[in-house]
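Shown next, in structure tokens, is the structure this report addresses.
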Amino acid sequence: MGIMEDNNGGDINNNTDKKQLDAGALFVLKSKGSWIHCGYHLTTSIVAPPLLSLPYAIKYLGWQAGIFCLIIGALVTFYSYNLLSLVLEHHALLGNRQLRFRDMANHILGPKWGRYYVGPIQFMVCYGAVVACTLLGGQCMKAIYILSSPNGNMKLYEFIIIFGGLMLILAQIPSFHSLRYINLISLLLCIAYSACATASSIHIGNSSHEPKDYSLKGEADDKIFGVFNAIAIIATTYGNGIIPEIQATVAAPVKGKMFKGLCMCYTVVLITFFSVGISGYWAFGNKAEGLILTNFVNNGNPLVPKWFVLMTNIFTILQLSAVGVVYLQPTNEVLERTFGDAKSKEFSARNVIPRLISRSLSVIVATTIAAMLPFFGDINALIGAFGFMPLDFILPVVFFNLTFKPSKRSLVFWLNITIATVFSALGVIAAVAAVRQISLDAKTYRLFANV
């Protein structure tokens with residue numbers, strides 16, 4: 001496939017006129033990466049600190065159902081992301097390379113779907129992930145502070161603001177492709193803190209003399225809703241929501257590169273998700289906390305060497321900053337498209353000043369929301385049910401069937417229909433479970449609470 005080089009060094013499909021590219025596509029979604037860079041981006045977007053909640057999810061499912069859901073989540077998302085990649089490759093070969101999720105929806109489902117459904121849902125999911133990363137980063141910083149100064153007076157929102165300051169700096173990195181080496185470090189960090197979490201769980205599990213309890217606790221309705229909350233957590237952990245934007249960073253020809261990147265990513269997924277989920281549940285059973293790191297400290301006393309807990313939290317904080325910046329990219333692309341000028345140079349004053357202001361405001365708003373709503377985890381579960389389920393489990397198989405039109409007698413057609421149907425139902429039920437959890441916890445909500 002022929003390519004031409006844009007004035008910023010990005011490879012643009014030869015059927016795409018550079019003058020037709022808006023500033024968001026031209027400056028943020030530069031197509032210059034290899035499959036390895038793609039693997040870095042994919043790993044950072046999927047293998048993130050929410051995986052530390054997997055033991056908590058498994059405690060509502062039990063051993064058999066928990067491991068089964070982990071396996072199904074891995075298989076279905078790997079399959080769905082590959083289907084999405086194949087659809088993107090197909091349109092690229094036809095001369096209509098699509099750089100954004102909403103572009104796919106516009107082309108396959110019609111303009112109203114991209115503008116009023118896929119676009120808003122993707123923005124909500126990605127910006128919600130930025131807020132969640134900022135909140136979790138602040139909580140990890142506070143955990144380090146409490147270990148170092150048990151009688152300290154600093155509040156959670158102060159740590160969230162500090163973490164937001166780090167995000168403010170990283171958010172100015174100009175393009176998605178520019179994050180490739182940060183995301184390589186992120187890949188190493190996620191392996192590091194997963195190894196630390198697994199080692200800590202095994203150490204505590206072996207040294208504890210308390211009997212391990214793996215029974216499912218609660219009334220019948222609590223158990224049922226707990227199952228669907230757990231499924232939503234696992235689905236969100238495997239969620240991505242930015243596959244087209246990641247594939248847009250790959251230099252043409254794109255054929256086969258995304259599959260290699262996904263294989264690299266899911267190798268890390270299998271190592272980290274299963275080791276943390278299984279070891280954490282084995283060590284703590286139905287006492288597993290929402291974040292397994294919390295189980296490593298009992299009444300302010302670390303159950304493993306203090307330096308090991310501190311190191312694990314530091315690795316987690318550093319990777320959270322990379323994850324937050326990756327999920328800022330769809331927002332950056334929208335801001336650049338709105339305020340940037342594709343006819344001016346990328347680093348001209350005309351583009352740098354609006355970029356600096358708009359991205360800074362974006363991070364400040366996310367930091368403010370995280371500080372105000374320390375219970376955002378409940379809200380994020382609802383966002384995951386409404387967002388990650390459609391974007392990662394339902395739309396890929398729908399796009400594939402509409403694009404390639406497989407025979408109704410083929411296994412692929414019915415497999416895709418089954419996935420779309422099952423996960424549509426799970427998405428609705430998970431949303432109901434999330435709303436129920438919000439209503440149960442609402443009485444404890446306070447703005448800027450020091451939790």
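Naming scheme: A, B, ... for chains in displayed order of the structure tokens; residues 1 onward per chain; ligands 1 onward as shown.
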Contacts of Ala420 in chain A at 9 Å (only C-alpha atoms; same-chain gap of 3+ positions) as JSON, numbers by chain: {"A": [390, 393, 394, 395, 396, 397, 398, 415, 416, 417, 423, 424, 425]}
Take the residues from that selection and put them in a file with N, CA and C atoms, as a tab-separated table (two decimals), in the first residue's frame.
```tsv
chain	number	residue	atom	x	y	z
A	390	PRO	N	-20.46	-2.27	25.98
A	390	PRO	CA	-20.75	-2.04	24.55
A	390	PRO	C	-19.49	-1.90	23.70
A	393	PHE	N	-17.21	-5.54	24.12
A	393	PHE	CA	-17.78	-6.88	23.99
A	393	PHE	C	-18.87	-6.95	22.91
A	394	ILE	N	-19.59	-5.88	22.68
A	394	ILE	CA	-20.75	-5.93	21.80
A	394	ILE	C	-20.46	-5.33	20.42
A	395	LEU	N	-19.98	-4.09	20.37
A	395	LEU	CA	-19.77	-3.43	19.08
A	395	LEU	C	-18.75	-4.14	18.17
A	396	PRO	N	-17.64	-4.69	18.71
A	396	PRO	CA	-16.70	-5.35	17.79
A	396	PRO	C	-17.32	-6.48	16.98
A	397	VAL	N	-18.14	-7.32	17.62
A	397	VAL	CA	-18.74	-8.44	16.88
A	397	VAL	C	-19.82	-7.94	15.93
A	398	VAL	N	-20.53	-6.87	16.33
A	398	VAL	CA	-21.53	-6.27	15.43
A	398	VAL	C	-20.86	-5.66	14.21
A	415	LEU	N	-21.40	-17.31	16.78
A	415	LEU	CA	-20.57	-16.98	17.93
A	415	LEU	C	-20.67	-15.49	18.23
A	416	ASN	N	-20.60	-14.67	17.18
A	416	ASN	CA	-20.70	-13.22	17.37
A	416	ASN	C	-22.06	-12.81	17.89
A	417	ILE	N	-23.12	-13.44	17.36
A	417	ILE	CA	-24.47	-13.13	17.84
A	417	ILE	C	-24.62	-13.50	19.31
A	423	PHE	N	-23.59	-10.49	26.39
A	423	PHE	CA	-22.97	-9.34	27.06
A	423	PHE	C	-23.88	-8.11	27.08
A	424	SER	N	-24.85	-8.05	26.18
A	424	SER	CA	-25.88	-7.00	26.28
A	424	SER	C	-26.70	-7.21	27.55
A	425	ALA	N	-27.10	-8.47	27.78
A	425	ALA	CA	-27.87	-8.78	28.98
A	425	ALA	C	-27.03	-8.54	30.24
```
Near-Leu328 in chain A list (8 Å; only C-alpha atoms; drop same-chain fewer than 3 positions) as a VMD selection string: chain A and resid 126 to 127 130 171 324 to 325 331 to 332
How would the residues just chosen look if you wrote them out with all heavy atoms as a PDB file, in the first residue's frame?
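Written output follows (again.pdb):
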```pdb
ATOM      1  N   CYS A 126     -13.434   6.901  28.887  1.00  0.00           N
ATOM      2  CA  CYS A 126     -12.016   7.279  28.954  1.00  0.00           C
ATOM      3  C   CYS A 126     -11.764   8.366  29.987  1.00  0.00           C
ATOM      4  O   CYS A 126     -10.794   8.288  30.755  1.00  0.00           O
ATOM      5  CB  CYS A 126     -11.529   7.724  27.567  1.00  0.00           C
ATOM      6  SG  CYS A 126     -11.466   6.382  26.369  1.00  0.00           S
ATOM      7  N   TYR A 127     -12.637   9.363  30.031  1.00  0.00           N
ATOM      8  CA  TYR A 127     -12.443  10.426  31.019  1.00  0.00           C
ATOM      9  C   TYR A 127     -12.715   9.897  32.425  1.00  0.00           C
ATOM     10  O   TYR A 127     -12.047  10.286  33.396  1.00  0.00           O
ATOM     11  CB  TYR A 127     -13.333  11.626  30.703  1.00  0.00           C
ATOM     12  CG  TYR A 127     -12.832  12.908  31.322  1.00  0.00           C
ATOM     13  CD1 TYR A 127     -11.646  13.497  30.880  1.00  0.00           C
ATOM     14  CD2 TYR A 127     -13.531  13.529  32.354  1.00  0.00           C
ATOM     15  CE1 TYR A 127     -11.177  14.670  31.444  1.00  0.00           C
ATOM     16  CE2 TYR A 127     -13.062  14.705  32.917  1.00  0.00           C
ATOM     17  CZ  TYR A 127     -11.890  15.270  32.463  1.00  0.00           C
ATOM     18  OH  TYR A 127     -11.418  16.436  33.033  1.00  0.00           O
ATOM     19  N   VAL A 130      -9.605   8.352  33.586  1.00  0.00           N
ATOM     20  CA  VAL A 130      -8.638   9.364  34.031  1.00  0.00           C
ATOM     21  C   VAL A 130      -8.939   9.783  35.472  1.00  0.00           C
ATOM     22  O   VAL A 130      -8.037   9.854  36.319  1.00  0.00           O
ATOM     23  CB  VAL A 130      -8.659  10.592  33.100  1.00  0.00           C
ATOM     24  CG1 VAL A 130      -7.746  11.695  33.644  1.00  0.00           C
ATOM     25  CG2 VAL A 130      -8.239  10.211  31.691  1.00  0.00           C
ATOM     26  N   ALA A 171       0.485  15.239  30.683  1.00  0.00           N
ATOM     27  CA  ALA A 171      -0.572  15.499  29.702  1.00  0.00           C
ATOM     28  C   ALA A 171      -0.097  16.369  28.550  1.00  0.00           C
ATOM     29  O   ALA A 171      -0.730  16.394  27.480  1.00  0.00           O
ATOM     30  CB  ALA A 171      -1.771  16.169  30.384  1.00  0.00           C
ATOM     31  N   GLY A 324      -3.350   6.953  33.080  1.00  0.00           N
ATOM     32  CA  GLY A 324      -4.175   8.157  32.998  1.00  0.00           C
ATOM     33  C   GLY A 324      -3.897   8.952  31.738  1.00  0.00           C
ATOM     34  O   GLY A 324      -4.831   9.440  31.076  1.00  0.00           O
ATOM     35  N   VAL A 325      -2.627   9.086  31.369  1.00  0.00           N
ATOM     36  CA  VAL A 325      -2.272   9.850  30.174  1.00  0.00           C
ATOM     37  C   VAL A 325      -2.749   9.144  28.898  1.00  0.00           C
ATOM     38  O   VAL A 325      -3.204   9.781  27.952  1.00  0.00           O
ATOM     39  CB  VAL A 325      -0.751  10.109  30.114  1.00  0.00           C
ATOM     40  CG1 VAL A 325      -0.361  10.770  28.812  1.00  0.00           C
ATOM     41  CG2 VAL A 325      -0.321  10.984  31.283  1.00  0.00           C
ATOM     42  N   THR A 331      -9.622  12.472  24.685  1.00  0.00           N
ATOM     43  CA  THR A 331      -9.979  13.840  25.081  1.00  0.00           C
ATOM     44  C   THR A 331      -9.041  14.840  24.417  1.00  0.00           C
ATOM     45  O   THR A 331      -9.487  15.876  23.896  1.00  0.00           O
ATOM     46  CB  THR A 331      -9.892  13.986  26.615  1.00  0.00           C
ATOM     47  OG1 THR A 331     -10.721  13.019  27.233  1.00  0.00           O
ATOM     48  CG2 THR A 331     -10.321  15.386  27.050  1.00  0.00           C
ATOM     49  N   ASN A 332      -7.738  14.534  24.415  1.00  0.00           N
ATOM     50  CA  ASN A 332      -6.769  15.425  23.760  1.00  0.00           C
ATOM     51  C   ASN A 332      -7.076  15.582  22.278  1.00  0.00           C
ATOM     52  O   ASN A 332      -6.962  16.672  21.715  1.00  0.00           O
ATOM     53  CB  ASN A 332      -5.345  14.864  23.924  1.00  0.00           C
ATOM     54  CG  ASN A 332      -4.849  14.957  25.352  1.00  0.00           C
ATOM     55  OD1 ASN A 332      -5.428  15.647  26.181  1.00  0.00           O
ATOM     56  ND2 ASN A 332      -3.776  14.248  25.643  1.00  0.00           N
TER      57      ASN A 332
END
```
Separation of CA of Tyr266 in chain A from CA of Tyr79 in chain A in Å: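 Between these atoms lies a distance of 11.1 Å.
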10 Å contact set for Tyr40 in chain A, only C-alpha atoms, chain neighbours under 5 positions out, as a ChimeraX atom specification: /A:35,45,179-188,246,261-262,264-265
Nearest to Phe399 in chain A, chosen from A:Pro150, A:Phe413, A:Ser31, A:Val365, with only C-alpha atoms counted in the distances: A:Phe413
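Nearest residue to Ile429 in chain A among A:Val309, A:Leu382, A:Ala283, A:Ala57 is A:Leu382, counting only C-alpha atoms.
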Spatial neighbours of Gln122 in chain A, 9 Å, only C-alpha atoms, chain gap at least 4 places, as a PyMOL selection string: chain A and resi 101-102+117-118+126-127+241-242+330+387-388+391
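Ranking A:Gly205, A:Gly340, A:Gly384, A:Gly119 by their shortest atom-to-atom distance to Arg355 in chain A, with only C-alpha atoms included, puts A:Gly340 first.
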Contacts of Lys59 in chain A within 9 Å, only C-alpha atoms, excl. fewer than 2 positions in-chain, as number ranges by chain: A: 54-57, 61-63, 66, 214-216, 230, 281, 285-288
Next, the residues of the selection above should be written as a compact mmCIF listing (two decimals), in the first residue's frame with all heavy atoms.
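After the write, selection22.txt holds the following:
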```txt
# COMPACT_ATOMS: atom_id res chain seq x y z
N LEU A 54 -9.04 -7.76 41.37
CA LEU A 54 -9.54 -9.08 40.94
C LEU A 54 -9.81 -10.05 42.10
O LEU A 54 -10.80 -10.77 42.07
CB LEU A 54 -8.57 -9.69 39.92
CG LEU A 54 -8.57 -9.02 38.54
CD1 LEU A 54 -7.50 -9.62 37.65
CD2 LEU A 54 -9.94 -9.13 37.87
N PRO A 55 -8.95 -10.10 43.15
CA PRO A 55 -9.29 -10.99 44.27
C PRO A 55 -10.63 -10.61 44.91
O PRO A 55 -11.39 -11.49 45.35
CB PRO A 55 -8.13 -10.79 45.25
CG PRO A 55 -6.98 -10.35 44.39
CD PRO A 55 -7.62 -9.50 43.32
N TYR A 56 -10.91 -9.31 44.96
CA TYR A 56 -12.19 -8.82 45.51
C TYR A 56 -13.35 -9.30 44.66
O TYR A 56 -14.40 -9.71 45.19
CB TYR A 56 -12.15 -7.30 45.57
CG TYR A 56 -13.43 -6.64 46.00
CD1 TYR A 56 -13.81 -6.62 47.35
CD2 TYR A 56 -14.26 -6.01 45.08
CE1 TYR A 56 -14.98 -6.00 47.75
CE2 TYR A 56 -15.44 -5.38 45.47
CZ TYR A 56 -15.79 -5.39 46.81
OH TYR A 56 -16.96 -4.77 47.21
N ALA A 57 -13.18 -9.28 43.32
CA ALA A 57 -14.24 -9.76 42.43
C ALA A 57 -14.44 -11.27 42.59
O ALA A 57 -15.57 -11.76 42.64
CB ALA A 57 -13.90 -9.42 40.98
N LEU A 61 -17.60 -14.66 43.59
CA LEU A 61 -17.87 -15.71 42.62
C LEU A 61 -17.45 -17.09 43.11
O LEU A 61 -18.01 -18.11 42.69
CB LEU A 61 -17.14 -15.40 41.30
CG LEU A 61 -17.56 -14.13 40.58
CD1 LEU A 61 -16.53 -13.76 39.51
CD2 LEU A 61 -18.93 -14.29 39.94
N GLY A 62 -16.44 -17.14 43.98
CA GLY A 62 -15.87 -18.42 44.39
C GLY A 62 -14.82 -18.89 43.40
O GLY A 62 -14.60 -18.28 42.36
N TRP A 63 -14.14 -19.99 43.76
CA TRP A 63 -13.02 -20.45 42.96
C TRP A 63 -13.39 -20.78 41.52
O TRP A 63 -12.81 -20.24 40.58
CB TRP A 63 -12.40 -21.70 43.60
CG TRP A 63 -11.41 -21.42 44.68
CD1 TRP A 63 -11.49 -21.77 45.99
CD2 TRP A 63 -10.16 -20.74 44.55
NE1 TRP A 63 -10.39 -21.35 46.68
CE2 TRP A 63 -9.55 -20.70 45.82
CE3 TRP A 63 -9.50 -20.13 43.48
CZ2 TRP A 63 -8.31 -20.12 46.06
CZ3 TRP A 63 -8.27 -19.54 43.69
CH2 TRP A 63 -7.69 -19.54 44.97
N GLY A 66 -15.02 -17.82 39.57
CA GLY A 66 -14.07 -16.72 39.45
C GLY A 66 -13.03 -16.96 38.37
O GLY A 66 -12.78 -16.11 37.52
N TYR A 214 -13.49 -19.38 52.18
CA TYR A 214 -13.84 -19.09 50.79
C TYR A 214 -15.35 -19.15 50.55
O TYR A 214 -15.79 -19.17 49.39
CB TYR A 214 -13.14 -20.09 49.85
CG TYR A 214 -11.63 -20.08 49.99
CD1 TYR A 214 -10.96 -21.20 50.46
CD2 TYR A 214 -10.88 -18.96 49.64
CE1 TYR A 214 -9.58 -21.21 50.59
CE2 TYR A 214 -9.50 -18.96 49.78
CZ TYR A 214 -8.86 -20.08 50.25
OH TYR A 214 -7.49 -20.07 50.38
N SER A 215 -16.12 -19.16 51.60
CA SER A 215 -17.58 -19.22 51.44
C SER A 215 -18.12 -17.87 50.97
O SER A 215 -17.51 -16.83 51.19
CB SER A 215 -18.24 -19.60 52.77
OG SER A 215 -17.96 -18.60 53.75
N LEU A 216 -19.27 -17.93 50.28
CA LEU A 216 -19.93 -16.71 49.80
C LEU A 216 -20.84 -16.20 50.90
O LEU A 216 -21.80 -16.90 51.29
CB LEU A 216 -20.72 -16.99 48.51
CG LEU A 216 -19.92 -17.61 47.36
CD1 LEU A 216 -20.83 -17.85 46.16
CD2 LEU A 216 -18.75 -16.71 46.98
N ALA A 230 -19.21 -8.36 40.47
CA ALA A 230 -17.92 -8.97 40.19
C ALA A 230 -17.68 -9.10 38.69
O ALA A 230 -16.58 -8.84 38.19
CB ALA A 230 -17.85 -10.35 40.85
N TYR A 281 -6.89 -14.11 46.26
CA TYR A 281 -8.07 -14.80 46.80
C TYR A 281 -7.65 -15.99 47.66
O TYR A 281 -8.24 -16.26 48.71
CB TYR A 281 -8.97 -15.26 45.66
CG TYR A 281 -10.25 -15.91 46.13
CD1 TYR A 281 -11.14 -15.23 46.95
CD2 TYR A 281 -10.55 -17.22 45.76
CE1 TYR A 281 -12.31 -15.85 47.40
CE2 TYR A 281 -11.72 -17.84 46.20
CZ TYR A 281 -12.60 -17.14 47.02
OH TYR A 281 -13.76 -17.75 47.45
N GLY A 285 -9.18 -15.01 50.92
CA GLY A 285 -10.54 -15.54 50.82
C GLY A 285 -11.57 -14.45 50.72
O GLY A 285 -11.40 -13.45 50.01
N ASN A 286 -12.66 -14.60 51.49
CA ASN A 286 -13.73 -13.60 51.41
C ASN A 286 -13.43 -12.34 52.24
O ASN A 286 -14.31 -11.49 52.42
CB ASN A 286 -15.09 -14.20 51.82
CG ASN A 286 -15.06 -14.83 53.20
OD1 ASN A 286 -14.25 -14.44 54.05
ND2 ASN A 286 -15.93 -15.79 53.44
N LYS A 287 -12.20 -12.22 52.72
CA LYS A 287 -11.78 -10.97 53.38
C LYS A 287 -10.98 -10.07 52.43
O LYS A 287 -10.46 -9.03 52.85
CB LYS A 287 -10.93 -11.29 54.61
CG LYS A 287 -11.71 -12.00 55.73
CD LYS A 287 -10.82 -12.27 56.93
CE LYS A 287 -11.62 -12.99 58.02
NZ LYS A 287 -10.77 -13.29 59.21
N ALA A 288 -10.87 -10.47 51.16
CA ALA A 288 -10.15 -9.65 50.18
C ALA A 288 -10.81 -8.28 50.05
O ALA A 288 -12.03 -8.17 49.90
CB ALA A 288 -10.12 -10.36 48.82
```
Nearest residue to Ser439 in chain A from the set A:Gly290, A:Asn298, A:Leu356, A:Asp378 (distances using only C-alpha atoms):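 Ranked by minimum distance to Ser439 in chain A, first place goes to A:Asp378.
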Exercise: Ala248 in chain A partners within 10 Å, only C-alpha atoms, chain neighbours under 4 positions left out, as an MDAnalysis selection string: chainID A and resid 11:12 25 28:33 38 88 97:100 176:177 242:244 252 254
Closest of A:Ile369, A:Ile357, A:Val326, A:Ile224 to Ile161 in chain A - atom-to-atom distances counting only C-alpha atoms: A:Ile369
Shortest interatomic distance to Cys196 in chain A - which of A:Val422, A:Val276, A:Leu75, A:Ala371, counting only C-alpha atoms: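 Comparing A:Val422, A:Val276, A:Leu75, A:Ala371 against Cys196 in chain A, the winner is A:Val276.
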